[in-house]
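With CSV, C-alpha atoms inside, this is entry-v8.csv:
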```
chain,number,residue,atom,x,y,z
A,11,MET,CA,-74.5,-53.4,25.2
A,12,ASP,CA,-75.2,-53.2,28.8
A,13,ARG,CA,-73.4,-50.0,29.4
A,14,VAL,CA,-75.7,-47.0,29.4
A,15,PRO,CA,-74.2,-44.2,27.3
A,16,ILE,CA,-73.9,-40.7,28.9
A,17,LEU,CA,-74.4,-37.8,26.5
A,18,LYS,CA,-73.0,-34.4,27.3
A,19,LEU,CA,-74.6,-31.2,26.0
A,20,GLY,CA,-73.2,-28.0,27.5
A,21,ASP,CA,-72.9,-28.6,31.2
A,22,VAL,CA,-75.8,-31.1,31.3
A,23,LEU,CA,-75.3,-34.9,31.1
A,24,ILE,CA,-78.2,-36.8,29.5
A,25,VAL,CA,-78.8,-40.5,30.3
A,26,SER,CA,-81.5,-42.4,28.5
A,27,ILE,CA,-82.3,-45.7,30.3
A,28,GLN,CA,-83.5,-48.3,27.8
A,29,ILE,CA,-82.1,-51.5,29.2
A,30,ASP,CA,-83.3,-53.6,32.1
A,31,LEU,CA,-80.9,-52.5,34.9
A,32,HIS,CA,-79.5,-55.2,37.1
A,33,ASP,CA,-77.2,-54.9,40.1
A,34,GLN,CA,-74.1,-54.9,38.0
A,35,SER,CA,-75.2,-52.5,35.3
A,36,VAL,CA,-76.5,-50.1,37.9
A,37,LEU,CA,-73.2,-50.0,39.7
A,38,VAL,CA,-71.4,-49.4,36.3
A,39,LEU,CA,-73.9,-46.6,35.5
A,40,GLN,CA,-73.3,-45.0,38.9
A,41,GLU,CA,-69.5,-45.1,38.5
A,42,ASP,CA,-69.6,-43.9,34.9
A,43,LEU,CA,-71.9,-41.1,35.7
A,44,SER,CA,-70.0,-39.8,38.8
A,45,ALA,CA,-66.7,-40.0,36.8
A,46,LYS,CA,-68.3,-38.1,34.0
A,47,VAL,CA,-69.7,-35.4,36.3
A,48,VAL,CA,-66.2,-34.9,37.7
A,49,GLU,CA,-64.5,-35.0,34.3
A,50,THR,CA,-66.9,-32.5,32.7
A,51,GLY,CA,-67.8,-30.3,35.6
A,52,ALA,CA,-71.5,-30.9,34.7
A,53,ARG,CA,-74.0,-29.0,36.8
A,54,GLY,CA,-76.9,-31.2,36.0
A,55,VAL,CA,-77.8,-34.8,35.2
A,56,ILE,CA,-81.0,-35.6,33.4
A,57,ILE,CA,-82.2,-39.2,33.4
A,58,ASP,CA,-84.8,-40.1,30.9
A,59,ILE,CA,-87.0,-43.0,31.9
A,60,SER,CA,-89.5,-42.8,29.1
A,61,ALA,CA,-88.6,-46.3,27.9
A,62,VAL,CA,-88.9,-47.7,31.4
A,63,GLU,CA,-92.2,-49.6,31.8
A,64,ILE,CA,-91.7,-50.9,35.3
A,65,VAL,CA,-90.1,-49.1,38.2
A,66,ASP,CA,-89.7,-51.2,41.3
A,67,SER,CA,-88.0,-50.3,44.6
A,68,PHE,CA,-84.7,-51.3,43.1
A,69,ILE,CA,-84.9,-48.8,40.3
A,70,GLY,CA,-86.4,-46.2,42.7
A,71,ARG,CA,-83.4,-46.6,45.0
A,72,MET,CA,-81.0,-46.4,42.1
A,73,LEU,CA,-82.4,-43.1,41.0
A,74,ALA,CA,-82.2,-41.7,44.6
A,75,THR,CA,-78.6,-43.0,44.9
A,76,ILE,CA,-77.6,-41.4,41.7
A,77,ALA,CA,-79.2,-38.1,42.8
A,78,ALA,CA,-77.4,-38.2,46.1
A,79,ILE,CA,-74.0,-39.0,44.5
A,80,SER,CA,-74.5,-36.2,42.0
A,81,ARG,CA,-75.4,-33.7,44.7
A,82,MET,CA,-72.2,-34.6,46.5
A,83,LEU,CA,-70.4,-33.6,43.3
A,84,ASP,CA,-72.4,-30.4,43.0
A,85,ALA,CA,-74.8,-31.5,40.2
A,86,GLU,CA,-78.6,-31.7,40.3
A,87,THR,CA,-80.4,-34.7,39.1
A,88,ILE,CA,-83.7,-34.6,37.3
A,89,VAL,CA,-85.7,-37.6,36.2
A,90,VAL,CA,-87.7,-37.0,33.1
A,91,GLY,CA,-90.2,-38.9,30.9
A,92,MET,CA,-91.9,-40.9,33.6
A,93,ARG,CA,-94.9,-42.8,32.2
A,94,PRO,CA,-98.2,-42.3,34.0
A,95,ALA,CA,-98.4,-46.0,34.8
A,96,VAL,CA,-94.9,-45.7,36.5
A,97,ALA,CA,-96.0,-42.7,38.6
A,98,ILE,CA,-99.1,-44.7,39.7
A,99,THR,CA,-97.0,-47.7,40.6
A,100,LEU,CA,-94.5,-45.6,42.5
A,101,VAL,CA,-97.2,-44.0,44.6
A,102,GLU,CA,-98.9,-47.3,45.2
A,103,LEU,CA,-95.6,-48.8,46.4
A,104,GLY,CA,-95.2,-45.9,48.7
A,105,LEU,CA,-91.9,-44.9,47.0
A,106,SER,CA,-91.5,-41.1,46.9
A,107,LEU,CA,-88.1,-41.0,45.1
A,108,GLY,CA,-86.8,-38.9,47.9
A,109,GLY,CA,-84.4,-36.2,46.8
A,110,VAL,CA,-85.1,-36.8,43.1
A,111,ARG,CA,-86.6,-34.0,41.2
A,112,THR,CA,-88.8,-34.9,38.2
A,113,ALA,CA,-89.8,-33.0,35.1
A,114,LEU,CA,-92.2,-34.0,32.3
A,115,ASN,CA,-89.6,-34.2,29.5
A,116,LEU,CA,-86.1,-33.3,28.6
A,117,GLU,CA,-86.9,-29.7,27.6
A,118,LYS,CA,-88.6,-29.0,30.9
A,119,GLY,CA,-85.8,-30.8,32.8
A,120,VAL,CA,-83.2,-28.5,31.1
A,121,ALA,CA,-85.4,-25.5,32.0
A,122,MET,CA,-85.6,-26.6,35.6
A,123,LEU,CA,-81.8,-26.9,35.7
A,124,ASN,CA,-81.5,-23.3,34.4
A,125,GLN,CA,-84.0,-22.1,37.0
A,126,ILE,CA,-82.0,-23.9,39.8
A,127,GLU,CA,-78.8,-22.3,38.6
A,128,ASN,CA,-80.4,-18.8,38.4
A,129,ALA,CA,-81.8,-19.2,41.9
A,130,GLN,CA,-78.3,-20.2,43.2
A,131,ILE,CA,-76.7,-17.2,41.5
A,132,ALA,CA,-79.3,-14.9,43.0
A,133,ALA,CA,-78.9,-16.4,46.4
A,134,ALA,CA,-75.1,-16.1,46.2
A,135,SER,CA,-75.2,-12.4,45.2
A,136,GLN,CA,-77.4,-11.4,48.1
B,30,MET,CA,-88.4,-52.3,26.1
B,31,ASP,CA,-87.7,-52.5,22.5
B,32,ARG,CA,-88.9,-49.1,21.5
B,33,VAL,CA,-86.2,-46.6,21.2
B,34,PRO,CA,-87.2,-43.4,23.0
B,35,ILE,CA,-86.9,-40.1,21.1
B,36,LEU,CA,-85.9,-37.1,23.1
B,37,LYS,CA,-86.7,-33.6,22.0
B,38,LEU,CA,-84.7,-30.6,22.9
B,39,GLY,CA,-85.6,-27.4,21.1
B,40,ASP,CA,-86.0,-28.3,17.4
B,41,VAL,CA,-83.6,-31.2,17.6
B,42,LEU,CA,-84.6,-34.8,18.2
B,43,ILE,CA,-82.1,-37.0,20.0
B,44,VAL,CA,-82.1,-40.8,19.7
B,45,SER,CA,-79.7,-42.9,21.7
B,46,ILE,CA,-79.4,-46.5,20.3
B,47,GLN,CA,-78.7,-49.0,23.0
B,48,ILE,CA,-80.6,-52.1,22.0
B,49,ASP,CA,-79.8,-54.6,19.3
B,50,LEU,CA,-82.0,-53.5,16.5
B,51,HIS,CA,-83.8,-56.1,14.6
B,52,ASP,CA,-86.1,-55.8,11.5
B,53,GLN,CA,-89.2,-55.0,13.5
B,54,SER,CA,-87.6,-52.6,16.0
B,55,VAL,CA,-85.9,-50.7,13.1
B,56,LEU,CA,-89.3,-50.3,11.4
B,57,VAL,CA,-90.8,-49.1,14.6
B,58,LEU,CA,-88.0,-46.6,15.1
B,59,GLN,CA,-88.3,-45.3,11.5
B,60,GLU,CA,-92.0,-44.8,12.0
B,61,ASP,CA,-91.7,-43.2,15.4
B,62,LEU,CA,-89.0,-40.9,14.3
B,63,SER,CA,-90.7,-39.7,11.1
B,64,ALA,CA,-94.0,-39.1,13.0
B,65,LYS,CA,-92.1,-37.2,15.6
B,66,VAL,CA,-90.3,-35.0,13.0
B,67,VAL,CA,-93.7,-34.1,11.5
B,68,GLU,CA,-95.3,-33.6,14.9
B,69,THR,CA,-92.6,-31.4,16.3
B,70,GLY,CA,-91.3,-29.7,13.2
B,71,ALA,CA,-87.8,-30.7,14.2
B,72,ARG,CA,-85.0,-29.5,11.9
B,73,GLY,CA,-82.5,-32.0,13.0
B,74,VAL,CA,-82.2,-35.6,14.2
B,75,ILE,CA,-79.2,-36.7,16.1
B,76,ILE,CA,-78.6,-40.4,16.5
B,77,ASP,CA,-76.1,-41.4,19.1
B,78,ILE,CA,-74.5,-44.8,18.5
B,79,SER,CA,-71.8,-44.7,21.2
B,80,ALA,CA,-73.3,-47.8,22.8
B,81,VAL,CA,-73.3,-49.7,19.5
B,82,GLU,CA,-70.3,-52.0,19.3
B,83,ILE,CA,-71.0,-53.7,16.0
B,84,VAL,CA,-72.3,-51.9,12.9
B,85,ASP,CA,-73.1,-54.2,10.0
B,86,SER,CA,-74.6,-53.5,6.6
B,87,PHE,CA,-78.1,-53.8,8.2
B,88,ILE,CA,-77.5,-51.0,10.7
B,89,GLY,CA,-75.6,-49.0,8.1
B,90,ARG,CA,-78.6,-49.2,5.7
B,91,MET,CA,-81.0,-48.3,8.6
B,92,LEU,CA,-79.0,-45.1,9.3
B,93,ALA,CA,-79.0,-44.2,5.6
B,94,THR,CA,-82.8,-44.8,5.4
B,95,ILE,CA,-83.5,-42.7,8.5
B,96,ALA,CA,-81.4,-39.9,7.0
B,97,ALA,CA,-83.2,-40.1,3.7
B,98,ILE,CA,-86.7,-40.1,5.3
B,99,SER,CA,-85.8,-37.2,7.6
B,100,ARG,CA,-84.5,-35.2,4.6
B,101,MET,CA,-87.8,-35.7,2.9
B,102,LEU,CA,-89.3,-34.2,6.0
B,103,ASP,CA,-86.8,-31.3,5.9
B,104,ALA,CA,-84.7,-32.4,8.8
B,105,GLU,CA,-81.0,-33.2,8.7
B,106,THR,CA,-79.7,-36.4,10.4
B,107,ILE,CA,-76.4,-36.5,12.1
B,108,VAL,CA,-74.9,-39.7,13.6
B,109,VAL,CA,-72.7,-39.1,16.6
B,110,GLY,CA,-70.6,-41.1,19.0
B,111,MET,CA,-69.2,-43.6,16.6
B,112,ARG,CA,-66.6,-45.9,18.2
B,113,PRO,CA,-63.2,-46.1,16.4
B,114,ALA,CA,-63.7,-49.8,16.0
B,115,VAL,CA,-67.0,-49.2,14.3
B,116,ALA,CA,-65.5,-46.7,11.9
B,117,ILE,CA,-62.8,-49.2,11.0
B,118,THR,CA,-65.4,-51.9,10.4
B,119,LEU,CA,-67.5,-49.7,8.2
B,120,VAL,CA,-64.6,-48.8,6.0
B,121,GLU,CA,-63.4,-52.4,5.8
B,122,LEU,CA,-66.9,-53.4,4.8
B,123,GLY,CA,-66.9,-50.7,2.2
B,124,LEU,CA,-69.9,-49.0,3.7
B,125,SER,CA,-69.8,-45.3,3.4
B,126,LEU,CA,-73.1,-44.4,5.2
B,127,GLY,CA,-74.0,-42.4,2.0
B,128,GLY,CA,-76.0,-39.3,2.9
B,129,VAL,CA,-75.4,-39.6,6.6
B,130,ARG,CA,-73.4,-36.8,8.3
B,131,THR,CA,-71.3,-37.7,11.3
B,132,ALA,CA,-70.0,-35.7,14.2
B,133,LEU,CA,-67.8,-36.8,17.1
B,134,ASN,CA,-70.4,-36.3,19.9
B,135,LEU,CA,-73.7,-34.8,20.7
B,136,GLU,CA,-72.3,-31.3,21.2
B,137,LYS,CA,-70.6,-31.2,17.9
B,138,GLY,CA,-73.7,-32.6,16.3
B,139,VAL,CA,-75.8,-29.8,17.6
B,140,ALA,CA,-73.2,-27.3,16.5
B,141,MET,CA,-73.2,-28.9,13.0
B,142,LEU,CA,-77.0,-28.5,12.8
B,143,ASN,CA,-76.7,-24.8,13.7
B,144,GLN,CA,-74.1,-24.4,11.0
B,145,ILE,CA,-76.3,-26.1,8.4
B,146,GLU,CA,-79.2,-23.8,9.4
B,147,ASN,CA,-77.1,-20.7,9.3
B,148,ALA,CA,-75.8,-21.7,5.8
B,149,GLN,CA,-79.4,-22.3,4.6
B,150,ILE,CA,-80.5,-18.9,6.0
B,151,ALA,CA,-77.5,-17.2,4.3
B,152,ALA,CA,-78.2,-19.0,1.0
B,153,ALA,CA,-81.9,-18.0,1.2
B,154,SER,CA,-81.2,-14.4,1.8
B,155,GLN,CA,-79.0,-14.0,-1.3
```

Show this structure as structure tokens.
Amino acid sequence: MDRVPILKLGDVLIVSIQIDLHDQSVLVLQEDLSAKVVETGARGVIIDISAVEIVDSFIGRMLATIAAISRMLDAETIVVGMRPAVAITLVELGLSLGGVRTALNLEKGVAMLNQIENAQIAAASQ
Amino acid sequence: MDRVPILKLGDVLIVSIQIDLHDQSVLVLQEDLSAKVVETGARGVIIDISAVEIVDSFIGRMLATIAAISRMLDAETIVVGMRPAVAITLVELGLSLGGVRTALNLEKGVAMLNQIENAQIAAASQ
């Protein structure tokens, strides 16, 4: 079981990270996720890290890479469920998760995606 | 990381099982899930087992128990994402997952919950 399942709900993909990610499983996740974005035409990817107790620079880079790949494929990435201790560690490590949006939980992440889409529609209609 | 995170979206709780569940982690999941159902007033629990490669009688019993507990708390449980091989094994083992509803994927599970609720509303208004 070291393949992270990708759930689809409407045009949002939901990924819940529960396993310790190593080099190989991260690559598999990136490939699976980008394939799924293309296959489903998803406009958003929500990554739940509420089960992740330790975020190091490797995980931080992975999240930033996934966000960059998704953006290339026209999907926004939102990281949700970050533990307070993880936020503290990230700041102490000087990792800013560049390009990655965060929301408190899945619901707020979905709301954020809707806001982004509405803003894009409003911008396009001007 | 042997606590399964429980995601909430509207009045549905989503659980994605990715770790090998042992006696202790199953008990923790049952407790966490029932506490969360009460706390959030969720009307549905969706358990995604797309990452589960092997379902034995232990896992089958766990799913049935979670469904029974949730029902006590007025929430329906739907198991989604079952692999074909798992379905074959369950039938061969003679396990019927009594009382557990299944749907192909998360989207169909959410649709099923909506149908159940609509049917309950219709029944209540007669």

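Proximity of A:Ala77, A:Ile69, A:Val47, A:Leu19 to A:Val120, computed with only C-alpha atoms, is greatest for A:Leu19.
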
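Residues from chain A that have an atom within 6 Å of chain B, counting all atoms listed in the file, are Pro15, Leu19, Ala61 and Glu117 of chain A.
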
Test item: residues at most 9 Å from stretch 48-54 of chain A, all atoms listed in the file, excluding those fewer than 4 positions along its chain, as a list in words: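 In the requested form, the answer reads Lys18, Gly20, Asp21, Val22, Leu23, Ile24, Leu43, Ser44, Ser80, Leu83, Asp84, Ala85, Glu86, Thr87, Ile88, Val120, Leu123 and Glu127 of chain A.
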
Within-12 Å shell of (-79.6, -44.3, 45.5) in input frame, all atoms listed in the file, as a ChimeraX atom specification: /A:36-37,39-40,67-81,87,107-110

Atom pair atom CA of A:Ala121 / atom CA of A:Thr99: separation (Å):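 Distance reported for this atom pair: 26.5 Å.
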
Point-to-point distance from atom CA of A:Glu41 to atom CA of A:Val55, Å rounded to tenths: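 So the answer is 13.6 Å.
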
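Rounded to one decimal, atom CA of A:Ser106 and atom CA of A:Asp66 lie 11.7 Å from each other.
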
Proximity to A:Met122 - best of A:Leu31, A:Leu105, A:Ala45, A:Val89, all atoms listed in the file: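 With all atoms listed in the file as the atom set, the closest residue is A:Val89.
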
Can you rebuild stretch 117-128 of chain A with all heavy atoms and give it as a compact mmCIF listing (two decimals), in the frame of the given file?
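File written: out07.txt
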```
# COMPACT_ATOMS: atom_id res chain seq x y z
N GLU A 117 -86.88 -31.19 27.73
CA GLU A 117 -86.90 -29.70 27.60
C GLU A 117 -87.21 -29.08 28.99
O GLU A 117 -86.56 -28.13 29.40
CB GLU A 117 -87.92 -29.27 26.62
CG GLU A 117 -87.42 -29.44 25.22
CD GLU A 117 -88.39 -28.93 24.18
OE1 GLU A 117 -89.60 -28.96 24.41
OE2 GLU A 117 -87.90 -28.51 23.12
N LYS A 118 -88.24 -29.62 29.65
CA LYS A 118 -88.60 -29.00 30.90
C LYS A 118 -87.54 -29.33 31.99
O LYS A 118 -87.34 -28.54 32.92
CB LYS A 118 -89.97 -29.58 31.38
CG LYS A 118 -91.06 -29.15 30.40
CD LYS A 118 -92.46 -29.31 30.92
CE LYS A 118 -93.40 -28.76 29.85
NZ LYS A 118 -94.81 -28.85 30.20
N GLY A 119 -86.85 -30.45 31.85
CA GLY A 119 -85.80 -30.80 32.80
C GLY A 119 -84.62 -29.76 32.62
O GLY A 119 -84.07 -29.27 33.60
N VAL A 120 -84.27 -29.44 31.36
CA VAL A 120 -83.20 -28.50 31.10
C VAL A 120 -83.63 -27.09 31.66
O VAL A 120 -82.84 -26.39 32.29
CB VAL A 120 -82.88 -28.39 29.60
CG1 VAL A 120 -81.96 -27.22 29.30
CG2 VAL A 120 -82.26 -29.69 29.13
N ALA A 121 -84.91 -26.73 31.44
CA ALA A 121 -85.40 -25.50 32.00
C ALA A 121 -85.33 -25.43 33.48
O ALA A 121 -84.96 -24.42 34.08
CB ALA A 121 -86.85 -25.24 31.50
N MET A 122 -85.65 -26.56 34.11
CA MET A 122 -85.60 -26.60 35.60
C MET A 122 -84.15 -26.43 36.06
O MET A 122 -83.89 -25.72 37.03
CB MET A 122 -86.13 -27.98 36.04
CG MET A 122 -86.36 -28.07 37.53
SD MET A 122 -86.89 -29.73 38.04
CE MET A 122 -88.66 -29.59 37.82
N LEU A 123 -83.19 -27.04 35.36
CA LEU A 123 -81.80 -26.90 35.70
C LEU A 123 -81.37 -25.41 35.63
O LEU A 123 -80.65 -24.89 36.49
CB LEU A 123 -80.88 -27.72 34.84
CG LEU A 123 -80.83 -29.21 35.15
CD1 LEU A 123 -79.99 -29.93 34.12
CD2 LEU A 123 -80.25 -29.44 36.54
N ASN A 124 -81.84 -24.73 34.58
CA ASN A 124 -81.50 -23.30 34.40
C ASN A 124 -82.10 -22.50 35.56
O ASN A 124 -81.44 -21.60 36.10
CB ASN A 124 -82.02 -22.79 33.08
CG ASN A 124 -81.20 -23.33 31.93
OD1 ASN A 124 -80.02 -23.66 32.10
ND2 ASN A 124 -81.81 -23.46 30.77
N GLN A 125 -83.34 -22.82 35.93
CA GLN A 125 -84.00 -22.10 37.00
C GLN A 125 -83.20 -22.30 38.34
O GLN A 125 -82.98 -21.36 39.09
CB GLN A 125 -85.39 -22.66 37.28
CG GLN A 125 -86.45 -22.04 36.39
CD GLN A 125 -87.78 -22.70 36.59
OE1 GLN A 125 -87.96 -23.48 37.52
NE2 GLN A 125 -88.73 -22.41 35.72
N ILE A 126 -82.79 -23.57 38.59
CA ILE A 126 -82.00 -23.90 39.80
C ILE A 126 -80.76 -23.04 39.84
O ILE A 126 -80.41 -22.42 40.85
CB ILE A 126 -81.73 -25.37 39.91
CG1 ILE A 126 -83.03 -26.16 40.09
CG2 ILE A 126 -80.76 -25.66 41.05
CD1 ILE A 126 -82.86 -27.67 39.93
N GLU A 127 -80.07 -23.01 38.69
CA GLU A 127 -78.80 -22.30 38.60
C GLU A 127 -79.03 -20.78 38.85
O GLU A 127 -78.31 -20.14 39.61
CB GLU A 127 -78.10 -22.51 37.31
CG GLU A 127 -76.64 -22.12 37.39
CD GLU A 127 -75.91 -22.35 36.09
OE1 GLU A 127 -76.51 -22.11 35.02
OE2 GLU A 127 -74.75 -22.74 36.13
N ASN A 128 -80.08 -20.24 38.23
CA ASN A 128 -80.40 -18.80 38.40
C ASN A 128 -80.68 -18.50 39.86
O ASN A 128 -80.25 -17.47 40.40
CB ASN A 128 -81.53 -18.40 37.52
CG ASN A 128 -81.14 -18.39 36.06
OD1 ASN A 128 -79.94 -18.34 35.74
ND2 ASN A 128 -82.11 -18.47 35.17
```
